[in-house]
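Asker: Contents of coords04.cif (mmCIF, C-alpha atoms) are below:
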data_query
loop_
_atom_site.label_atom_id
_atom_site.label_comp_id
_atom_site.auth_asym_id
_atom_site.auth_seq_id
_atom_site.Cartn_x
_atom_site.Cartn_y
_atom_site.Cartn_z
CA MET N 1 0.00 0.00 0.00
CA LYS N 2 2.87 2.36 0.88
CA LYS N 3 4.39 1.75 -2.57
CA THR N 4 1.09 2.66 -4.24
CA ILE N 5 0.85 5.92 -2.29
CA VAL N 6 4.49 6.81 -3.09
CA ILE N 7 3.96 6.08 -6.82
CA PHE N 8 0.75 8.13 -6.77
CA LEU N 9 2.50 11.11 -5.11
CA LEU N 10 5.44 10.90 -7.55
CA ALA N 11 2.98 10.90 -10.46
CA ILE N 12 1.22 14.01 -9.11
CA ILE N 13 4.56 15.79 -8.58
CA THR N 14 5.75 14.85 -12.07
CA ILE N 15 2.53 16.08 -13.70
CA SER N 16 2.54 19.33 -11.75
CA CYS N 17 6.20 19.97 -12.66
CA ASN N 18 5.41 19.57 -16.38
CA ASN N 19 2.59 22.12 -16.28
CA VAL N 20 3.38 24.93 -18.74
CA ASN N 21 2.17 28.49 -18.27
CA GLU N 22 -0.39 29.57 -20.86
CA SER N 23 1.77 32.57 -21.78
CA GLU N 24 4.62 30.20 -22.65
CA THR N 25 2.44 28.28 -25.14
CA GLN N 26 1.49 31.36 -27.15
CA SER N 27 3.99 31.65 -29.95
CA THR N 28 5.54 34.89 -31.04
CA PRO N 29 4.84 35.63 -34.71
CA LYS N 30 7.72 34.57 -36.92
CA ALA N 31 9.06 37.05 -39.46
CA ILE N 32 8.79 35.80 -43.05
CA GLY N 33 10.72 38.62 -44.71
CA VAL N 34 11.51 42.33 -44.54
CA GLU N 35 10.15 45.59 -45.94
CA ILE N 36 12.90 48.04 -46.84
CA PRO N 37 11.46 51.56 -47.22
CA ASN N 38 13.29 54.42 -48.92
CA ASP N 39 15.28 55.21 -45.77
CA SER N 40 16.80 51.68 -45.90
CA THR N 41 15.52 50.66 -42.46
CA ARG N 42 14.37 47.07 -42.22
CA ILE N 43 10.87 46.30 -40.96
CA SER N 44 9.90 42.67 -40.38
CA LEU N 45 7.08 41.19 -42.49
CA TYR N 46 4.74 38.64 -40.97
CA GLY N 47 2.13 36.28 -42.38
CA GLY N 48 -0.92 38.38 -43.15
CA ASP N 49 -4.64 38.28 -42.51
CA MET N 50 -6.33 35.95 -45.00
CA THR N 51 -9.31 38.32 -45.31
CA THR N 52 -7.15 40.31 -47.73
CA THR N 53 -6.92 37.31 -50.05
CA ARG N 54 -10.72 36.97 -50.01
CA LEU N 55 -11.08 40.66 -50.84
CA TRP N 56 -8.53 40.26 -53.65
CA GLU N 57 -10.53 37.31 -55.02
CA ALA N 58 -13.69 39.46 -55.03
CA TYR N 59 -11.72 42.19 -56.84
CA ILE N 60 -10.50 39.77 -59.52
CA LYS N 61 -14.05 38.41 -59.90
CA ALA N 62 -15.33 41.97 -60.37
CA HIS N 63 -12.72 42.51 -63.11
CA ASN N 64 -13.76 39.28 -64.83
CA GLU N 65 -17.40 40.40 -64.67
CA LYS N 66 -16.55 44.00 -65.67
CA ASP N 67 -18.24 45.16 -62.46
CA LEU N 68 -16.82 48.68 -62.21
CA LYS N 69 -18.99 49.62 -59.23
CA THR N 70 -17.56 46.80 -57.07
CA ILE N 71 -14.02 47.66 -58.21
CA GLN N 72 -14.55 51.30 -57.26
CA ASN N 73 -16.00 50.31 -53.87
CA ILE N 74 -12.93 48.18 -53.07
CA ASN N 75 -10.47 50.85 -54.26
CA ASP N 76 -9.27 53.48 -51.83
CA ASP N 77 -10.00 57.00 -53.14
CA SER N 78 -6.23 57.61 -53.29
CA PHE N 79 -5.68 54.42 -55.31
CA LYS N 80 -2.46 54.19 -57.36
CA GLY N 81 -1.88 51.61 -60.04
CA TYR N 82 1.41 50.80 -61.73
CA PRO N 83 0.72 48.70 -64.85
CA PRO N 84 3.56 46.90 -66.65
CA ASN N 85 3.81 49.53 -69.42
CA GLY N 86 5.24 52.13 -67.02
CA ASP N 87 2.11 54.29 -66.75
CA VAL N 88 0.74 55.49 -63.43
CA ILE N 89 -2.99 55.36 -62.71
CA ASP N 90 -3.59 58.04 -60.09
CA GLY N 91 -6.89 57.77 -58.23
CA SER N 92 -9.83 55.38 -58.18
CA LYS N 93 -11.76 57.42 -60.76
CA ALA N 94 -8.80 57.31 -63.16
CA HIS N 95 -8.63 53.54 -62.64
CA ILE N 96 -12.31 53.16 -63.55
CA VAL N 97 -11.81 55.27 -66.70
CA PHE N 98 -8.81 53.08 -67.65
CA LEU N 99 -10.80 49.87 -67.11
CA LYS N 100 -13.90 51.17 -68.90
CA ASP N 101 -11.78 51.90 -71.98
CA TRP N 102 -10.02 48.51 -71.82
CA PHE N 103 -13.25 46.57 -71.26
CA SER N 104 -14.95 48.34 -74.19
CA LYS N 105 -12.28 46.94 -76.55
CA SER N 106 -11.63 43.54 -74.98
CA SER N 107 -12.80 40.88 -72.54
CA PRO N 108 -9.81 40.12 -70.31
CA LYS N 109 -10.17 37.21 -67.87
CA TRP N 110 -7.90 36.48 -64.92
CA THR N 111 -7.35 33.03 -63.41
CA THR N 112 -5.70 33.06 -59.99
CA LYS N 113 -2.78 30.68 -59.47
CA TYR N 114 -1.60 31.72 -55.98
CA MET N 115 -1.97 34.38 -53.26
CA ILE N 116 0.37 35.20 -50.37
CA ALA N 117 -0.76 37.54 -47.59
CA ASN N 118 1.76 39.43 -45.45
CA GLN N 119 1.75 42.51 -43.25
CA PHE N 120 3.83 44.92 -41.25
CA THR N 121 3.31 48.04 -39.17
CA ASP N 122 5.21 51.01 -40.55
CA THR N 123 7.15 53.58 -38.54
CA LYS N 124 3.99 55.73 -38.26
CA GLY N 125 2.05 52.85 -36.71
CA VAL N 126 -0.06 52.15 -39.83
CA LEU N 127 -0.79 48.49 -40.56
CA ASN N 128 0.18 47.71 -44.16
CA GLN N 129 -1.36 44.52 -45.50
CA TRP N 130 -0.09 43.10 -48.79
CA VAL N 131 -1.18 40.32 -51.09
CA THR N 132 1.22 39.03 -53.72
CA SER N 133 -0.65 37.00 -56.29
CA GLY N 134 -0.10 35.29 -59.59
CA GLN N 135 -2.75 35.25 -62.30
CA ASP N 136 -2.96 34.09 -65.87
CA LEU N 137 -4.57 36.81 -67.99
CA THR N 138 -6.31 35.71 -71.17
CA ASP N 139 -7.10 38.60 -73.50
CA THR N 140 -7.67 39.32 -77.17
CA VAL N 141 -4.97 41.43 -78.81
CA ASP N 142 -5.32 42.37 -82.50
CA GLY N 143 -8.00 39.70 -82.89
CA GLU N 144 -5.82 36.95 -81.43
CA GLU N 145 -6.21 35.36 -78.01
CA VAL N 146 -3.09 35.64 -75.86
CA THR N 147 -2.25 34.51 -72.35
CA LEU N 148 0.04 36.55 -70.15
CA HIS N 149 1.25 35.85 -66.64
CA HIS N 150 0.72 38.62 -64.09
CA VAL N 151 2.17 39.04 -60.63
CA HIS N 152 0.36 41.64 -58.52
CA ASP N 153 1.67 43.27 -55.36
CA VAL N 154 -1.43 44.76 -53.74
CA LEU N 155 -1.42 47.10 -50.72
CA PHE N 156 -4.51 47.10 -48.50
CA VAL N 157 -5.01 49.89 -45.96
CA ASN N 158 -8.14 49.95 -43.79
CA GLY N 159 -9.79 47.25 -45.91
CA LYS N 160 -9.33 49.08 -49.22
CA ILE N 161 -6.88 48.64 -52.08
CA LYS N 162 -4.52 51.59 -51.97
CA MET N 163 -1.89 50.51 -54.49
CA ILE N 164 -1.21 47.81 -57.07
CA TYR N 165 2.03 46.97 -58.86
CA VAL N 166 1.49 44.72 -61.91
CA TYR N 167 4.36 42.73 -63.42
CA GLU N 168 3.86 40.84 -66.66
CA ARG N 169 5.52 38.22 -68.83
CA ALA N 170 4.44 36.37 -71.93
CA THR N 171 3.57 32.69 -71.80
CA ALA N 172 6.63 30.53 -72.26
CA LYS N 173 6.79 28.68 -75.57
CA GLU N 174 7.40 25.10 -74.46
#
Mind converting the file's structure to structure tokens?

Answerer:
Amino acid sequence: MKKTIVIFLLAIITISCNNVNESETQSTPKAIGVEIPNDSTRISLYGGDMTTTRLWEAYIKAHNEKDLKTIQNINDDSFKGYPPNGDVIDGSKAHIVFLKDWFSKSSPKWTTKYMIANQFTDTKGVLNQWVTSGQDLTDTVDGEEVTLHHVHDVLFVNGKIKMIYVYERATAKE
């Protein structure tokens, strides 16, 4: 009987010694990269909120459906777009004019291949949420269907798209 009591007490002591504080089990976010602003400081990037990828999907769907109202609602008023041709689209209204012209001449369709969400808080305390995505763009150019590959870097601030960089390459001839 004494052996049973001793074993029982040792088991209780062992279990109580292995108890981990709740604060110790919460992991610190792991940096996945860095943002390097113009002043060359380095700000850690972390995995982002997946709601931005859902908003980006809705934005791509609106483009595929030529739904300019939804696009304008998702754009921040101070929207900036940097298409691959080197132009700058300054403002949400200018973006809608650009798209209206493009859509009147063509029916571009985007197919999403991947999305990566990340975020950081800048030196002013503003949360910057980015989505980097890859899409195949099928469009008609000079009467011929072409497929291009796009990579978008999209900045979300306060749930709106503030800026988009678009990089493009032709489909590889394999």

Asker: Extract, using all atoms listed in the file, all DNA, RNA and protein residues at most 7 Å from Gln119 in chain N, discarding same-chain residues fewer than 2 positions from it, and format them as a PyMOL selection string.

Answerer: chain N and resi 45-48+128-130

Asker: Just to confirm, what's the straight-line distance from CA of Trp110 in chain N to CA of Val34 in chain N in Å (one decimal)?

Answerer: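 Here the two named atoms are 28.7 Å from each other.
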
Asker: From the list N:Asp76, N:Asp67, N:Asp101, N:Glu144, which residue is nearest Gly159 in chain N when using all atoms listed in the file?

Answerer: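 Closest to Gly159 in chain N, using all atoms listed in the file: N:Asp76.
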
Asker: Between N:Lys100, N:Asp153, N:Ser78, N:Val141, which residue has the minimum interatomic distance to Ala117 in chain N, considering all atoms listed in the file?

Answerer: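 Of the candidates, the smallest distance to Ala117 in chain N is held by N:Asp153.
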
Asker: Would you mind reading off the distance between CA of Tyr114 in chain N and CA of Gly33 in chain N, one decimal, in Å?

Answerer: 18.1 Å

Asker: Since I can't run it myself right now, could you work out what the PyMOL selection byres ((chain N and resi 66) around 12) selects here and report it as a ChimeraX atom specification?

Answerer: /N:58-65,67-72,96,99-104,106-110

Asker: If you measure from CA of Glu35 in chain N to CA of Phe120 in chain N, what distance in Å do you get, rounded to one decimal?

Answerer: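 CA of Glu35 in chain N sits 7.9 Å away from CA of Phe120 in chain N.
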
Asker: Once the PyMOL selection byres ((chain N and resi 155) around 12) has been evaluated on this model, what residues remain selected, and can you format them as a PDB file with C-alpha atoms, in the frame of the given file?

Answerer:
ATOM      1  CA  GLY N  48      -0.920  38.380 -43.150  1.00  0.00           C
ATOM      2  CA  THR N  52      -7.150  40.310 -47.730  1.00  0.00           C
ATOM      3  CA  THR N  53      -6.920  37.310 -50.050  1.00  0.00           C
ATOM      4  CA  LEU N  55     -11.080  40.660 -50.840  1.00  0.00           C
ATOM      5  CA  TRP N  56      -8.530  40.260 -53.650  1.00  0.00           C
ATOM      6  CA  ILE N  74     -12.930  48.180 -53.070  1.00  0.00           C
ATOM      7  CA  ASN N  75     -10.470  50.850 -54.260  1.00  0.00           C
ATOM      8  CA  ASP N  76      -9.270  53.480 -51.830  1.00  0.00           C
ATOM      9  CA  SER N  78      -6.230  57.610 -53.290  1.00  0.00           C
ATOM     10  CA  PHE N  79      -5.680  54.420 -55.310  1.00  0.00           C
ATOM     11  CA  LYS N  80      -2.460  54.190 -57.360  1.00  0.00           C
ATOM     12  CA  GLY N  81      -1.880  51.610 -60.040  1.00  0.00           C
ATOM     13  CA  TYR N  82       1.410  50.800 -61.730  1.00  0.00           C
ATOM     14  CA  ALA N 117      -0.760  37.540 -47.590  1.00  0.00           C
ATOM     15  CA  ASN N 118       1.760  39.430 -45.450  1.00  0.00           C
ATOM     16  CA  GLN N 119       1.750  42.510 -43.250  1.00  0.00           C
ATOM     17  CA  PHE N 120       3.830  44.920 -41.250  1.00  0.00           C
ATOM     18  CA  LEU N 127      -0.790  48.490 -40.560  1.00  0.00           C
ATOM     19  CA  ASN N 128       0.180  47.710 -44.160  1.00  0.00           C
ATOM     20  CA  GLN N 129      -1.360  44.520 -45.500  1.00  0.00           C
ATOM     21  CA  TRP N 130      -0.090  43.100 -48.790  1.00  0.00           C
ATOM     22  CA  VAL N 131      -1.180  40.320 -51.090  1.00  0.00           C
ATOM     23  CA  THR N 132       1.220  39.030 -53.720  1.00  0.00           C
ATOM     24  CA  SER N 133      -0.650  37.000 -56.290  1.00  0.00           C
ATOM     25  CA  HIS N 152       0.360  41.640 -58.520  1.00  0.00           C
ATOM     26  CA  ASP N 153       1.670  43.270 -55.360  1.00  0.00           C
ATOM     27  CA  VAL N 154      -1.430  44.760 -53.740  1.00  0.00           C
ATOM     28  CA  PHE N 156      -4.510  47.100 -48.500  1.00  0.00           C
ATOM     29  CA  VAL N 157      -5.010  49.890 -45.960  1.00  0.00           C
ATOM     30  CA  ASN N 158      -8.140  49.950 -43.790  1.00  0.00           C
ATOM     31  CA  GLY N 159      -9.790  47.250 -45.910  1.00  0.00           C
ATOM     32  CA  LYS N 160      -9.330  49.080 -49.220  1.00  0.00           C
ATOM     33  CA  ILE N 161      -6.880  48.640 -52.080  1.00  0.00           C
ATOM     34  CA  LYS N 162      -4.520  51.590 -51.970  1.00  0.00           C
ATOM     35  CA  MET N 163      -1.890  50.510 -54.490  1.00  0.00           C
ATOM     36  CA  ILE N 164      -1.210  47.810 -57.070  1.00  0.00           C
ATOM     37  CA  TYR N 165       2.030  46.970 -58.860  1.00  0.00           C
ATOM     38  CA  VAL N 166       1.490  44.720 -61.910  1.00  0.00           C
TER      39      VAL N 166
END

Asker: Counting only C-alpha atoms, which residues come within 12 Å of (5.5, 53.0, -39.8), with the point read in the file's coordinates, and could you list them as a list in words?

Answerer: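 Applying the cut-off with only C-alpha atoms, one gets Glu35, Ile36, Pro37, Asp39, Thr41, Arg42, Ile43, Ser44, Gln119, Phe120, Thr121, Asp122, Thr123, Lys124, Gly125, Val126, Leu127 and Asn128 of chain N.
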
Asker: Using all atoms listed in the file, can you tell me which of N:Thr28, N:Ser40, N:Thr138, N:Thr51 comes closest to Ile116 in chain N?

Answerer: N:Thr51

Asker: Between N:Lys105, N:Asn38, N:Asp90, N:Ser27, which residue has the minimum interatomic distance to Asp142 in chain N, considering all atoms listed in the file?

Answerer: N:Lys105

Asker: Padding 6 Å on each side, edges along x, y and z: where is the centre of the box around the listed atoms of range 127-144 of chain N, and how long are its edges in Å to one decimal? Output it as JSON.

Answerer:
{"center_x": -3.4, "center_y": 41.3, "center_z": -61.7, "size_x": 21.2, "size_y": 26.4, "size_z": 54.3}

Asker: Starting from the shown file, work through the PyMOL selection byres ((chain N and resi 167) around 6) and note down what comes out as a VMD selection string.

Answerer: chain N and resid 84 150 to 151 166 168

Asker: Selection from above, C-alpha atoms, as an mmCIF file, in the coordinates of the input, can you write it?

Answerer:
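Heads up, here's the output in result.cif:
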data_model
loop_
_atom_site.group_PDB
_atom_site.id
_atom_site.type_symbol
_atom_site.label_atom_id
_atom_site.label_comp_id
_atom_site.auth_asym_id
_atom_site.auth_seq_id
_atom_site.Cartn_x
_atom_site.Cartn_y
_atom_site.Cartn_z
ATOM 1 C CA PRO N 84 3.560 46.900 -66.650
ATOM 2 C CA HIS N 150 0.720 38.620 -64.090
ATOM 3 C CA VAL N 151 2.170 39.040 -60.630
ATOM 4 C CA VAL N 166 1.490 44.720 -61.910
ATOM 5 C CA GLU N 168 3.860 40.840 -66.660
#

Asker: Just add N, CA and C atoms to range 27-49 of chain N and send it as a PDB file, in the frame of the given file.

Answerer:
ATOM      1  N   SER N  27       2.767  31.428 -29.186  1.00  0.00           N
ATOM      2  CA  SER N  27       3.990  31.650 -29.950  1.00  0.00           C
ATOM      3  C   SER N  27       4.076  33.100 -30.431  1.00  0.00           C
ATOM      4  N   THR N  28       5.270  33.578 -30.493  1.00  0.00           N
ATOM      5  CA  THR N  28       5.540  34.890 -31.040  1.00  0.00           C
ATOM      6  C   THR N  28       5.512  34.773 -32.557  1.00  0.00           C
ATOM      7  N   PRO N  29       4.864  35.730 -33.252  1.00  0.00           N
ATOM      8  CA  PRO N  29       4.840  35.630 -34.710  1.00  0.00           C
ATOM      9  C   PRO N  29       6.249  35.569 -35.279  1.00  0.00           C
ATOM     10  N   LYS N  30       6.417  34.741 -36.296  1.00  0.00           N
ATOM     11  CA  LYS N  30       7.720  34.570 -36.920  1.00  0.00           C
ATOM     12  C   LYS N  30       7.800  35.452 -38.171  1.00  0.00           C
ATOM     13  N   ALA N  31       8.858  36.211 -38.279  1.00  0.00           N
ATOM     14  CA  ALA N  31       9.060  37.050 -39.460  1.00  0.00           C
ATOM     15  C   ALA N  31       9.260  36.156 -40.675  1.00  0.00           C
ATOM     16  N   ILE N  32       8.649  36.572 -41.805  1.00  0.00           N
ATOM     17  CA  ILE N  32       8.790  35.800 -43.050  1.00  0.00           C
ATOM     18  C   ILE N  32       9.565  36.586 -44.102  1.00  0.00           C
ATOM     19  N   GLY N  33       9.976  37.788 -43.767  1.00  0.00           N
ATOM     20  CA  GLY N  33      10.720  38.620 -44.710  1.00  0.00           C
ATOM     21  C   GLY N  33      10.900  40.011 -44.135  1.00  0.00           C
ATOM     22  N   VAL N  34      11.326  40.948 -44.973  1.00  0.00           N
ATOM     23  CA  VAL N  34      11.510  42.330 -44.540  1.00  0.00           C
ATOM     24  C   VAL N  34      10.965  43.296 -45.584  1.00  0.00           C
ATOM     25  N   GLU N  35      10.512  44.432 -45.116  1.00  0.00           N
ATOM     26  CA  GLU N  35      10.150  45.590 -45.940  1.00  0.00           C
ATOM     27  C   GLU N  35      11.312  46.552 -45.781  1.00  0.00           C
ATOM     28  N   ILE N  36      11.793  47.094 -46.892  1.00  0.00           N
ATOM     29  CA  ILE N  36      12.900  48.040 -46.840  1.00  0.00           C
ATOM     30  C   ILE N  36      12.428  49.348 -47.481  1.00  0.00           C
ATOM     31  N   PRO N  37      11.929  50.283 -46.668  1.00  0.00           N
ATOM     32  CA  PRO N  37      11.460  51.560 -47.220  1.00  0.00           C
ATOM     33  C   PRO N  37      12.621  52.402 -47.756  1.00  0.00           C
ATOM     34  N   ASN N  38      12.290  53.552 -48.287  1.00  0.00           N
ATOM     35  CA  ASN N  38      13.290  54.420 -48.920  1.00  0.00           C
ATOM     36  C   ASN N  38      14.439  54.804 -47.996  1.00  0.00           C
ATOM     37  N   ASP N  39      14.203  54.833 -46.685  1.00  0.00           N
ATOM     38  CA  ASP N  39      15.280  55.210 -45.770  1.00  0.00           C
ATOM     39  C   ASP N  39      16.183  54.038 -45.411  1.00  0.00           C
ATOM     40  N   SER N  40      15.987  52.889 -46.041  1.00  0.00           N
ATOM     41  CA  SER N  40      16.800  51.680 -45.900  1.00  0.00           C
ATOM     42  C   SER N  40      16.693  50.994 -44.533  1.00  0.00           C
ATOM     43  N   THR N  41      15.737  51.408 -43.700  1.00  0.00           N
ATOM     44  CA  THR N  41      15.520  50.660 -42.460  1.00  0.00           C
ATOM     45  C   THR N  41      14.885  49.322 -42.840  1.00  0.00           C
ATOM     46  N   ARG N  42      14.949  48.387 -41.957  1.00  0.00           N
ATOM     47  CA  ARG N  42      14.370  47.070 -42.220  1.00  0.00           C
ATOM     48  C   ARG N  42      13.238  46.835 -41.234  1.00  0.00           C
ATOM     49  N   ILE N  43      12.045  46.552 -41.782  1.00  0.00           N
ATOM     50  CA  ILE N  43      10.870  46.300 -40.960  1.00  0.00           C
ATOM     51  C   ILE N  43      10.429  44.860 -41.242  1.00  0.00           C
ATOM     52  N   SER N  44      10.271  44.072 -40.200  1.00  0.00           N
ATOM     53  CA  SER N  44       9.900  42.670 -40.380  1.00  0.00           C
ATOM     54  C   SER N  44       8.500  42.523 -40.970  1.00  0.00           C
ATOM     55  N   LEU N  45       8.374  41.573 -41.910  1.00  0.00           N
ATOM     56  CA  LEU N  45       7.080  41.190 -42.490  1.00  0.00           C
ATOM     57  C   LEU N  45       6.626  39.904 -41.817  1.00  0.00           C
ATOM     58  N   TYR N  46       5.323  39.817 -41.593  1.00  0.00           N
ATOM     59  CA  TYR N  46       4.740  38.640 -40.970  1.00  0.00           C
ATOM     60  C   TYR N  46       3.623  38.100 -41.856  1.00  0.00           C
ATOM     61  N   GLY N  47       3.273  36.842 -41.657  1.00  0.00           N
ATOM     62  CA  GLY N  47       2.130  36.280 -42.380  1.00  0.00           C
ATOM     63  C   GLY N  47       0.923  37.165 -42.152  1.00  0.00           C
ATOM     64  N   GLY N  48       0.173  37.418 -43.215  1.00  0.00           N
ATOM     65  CA  GLY N  48      -0.920  38.380 -43.150  1.00  0.00           C
ATOM     66  C   GLY N  48      -2.282  37.765 -42.892  1.00  0.00           C
ATOM     67  N   ASP N  49      -3.246  38.636 -42.735  1.00  0.00           N
ATOM     68  CA  ASP N  49      -4.640  38.280 -42.510  1.00  0.00           C
ATOM     69  C   ASP N  49      -5.240  37.767 -43.811  1.00  0.00           C
TER      70      ASP N  49
END
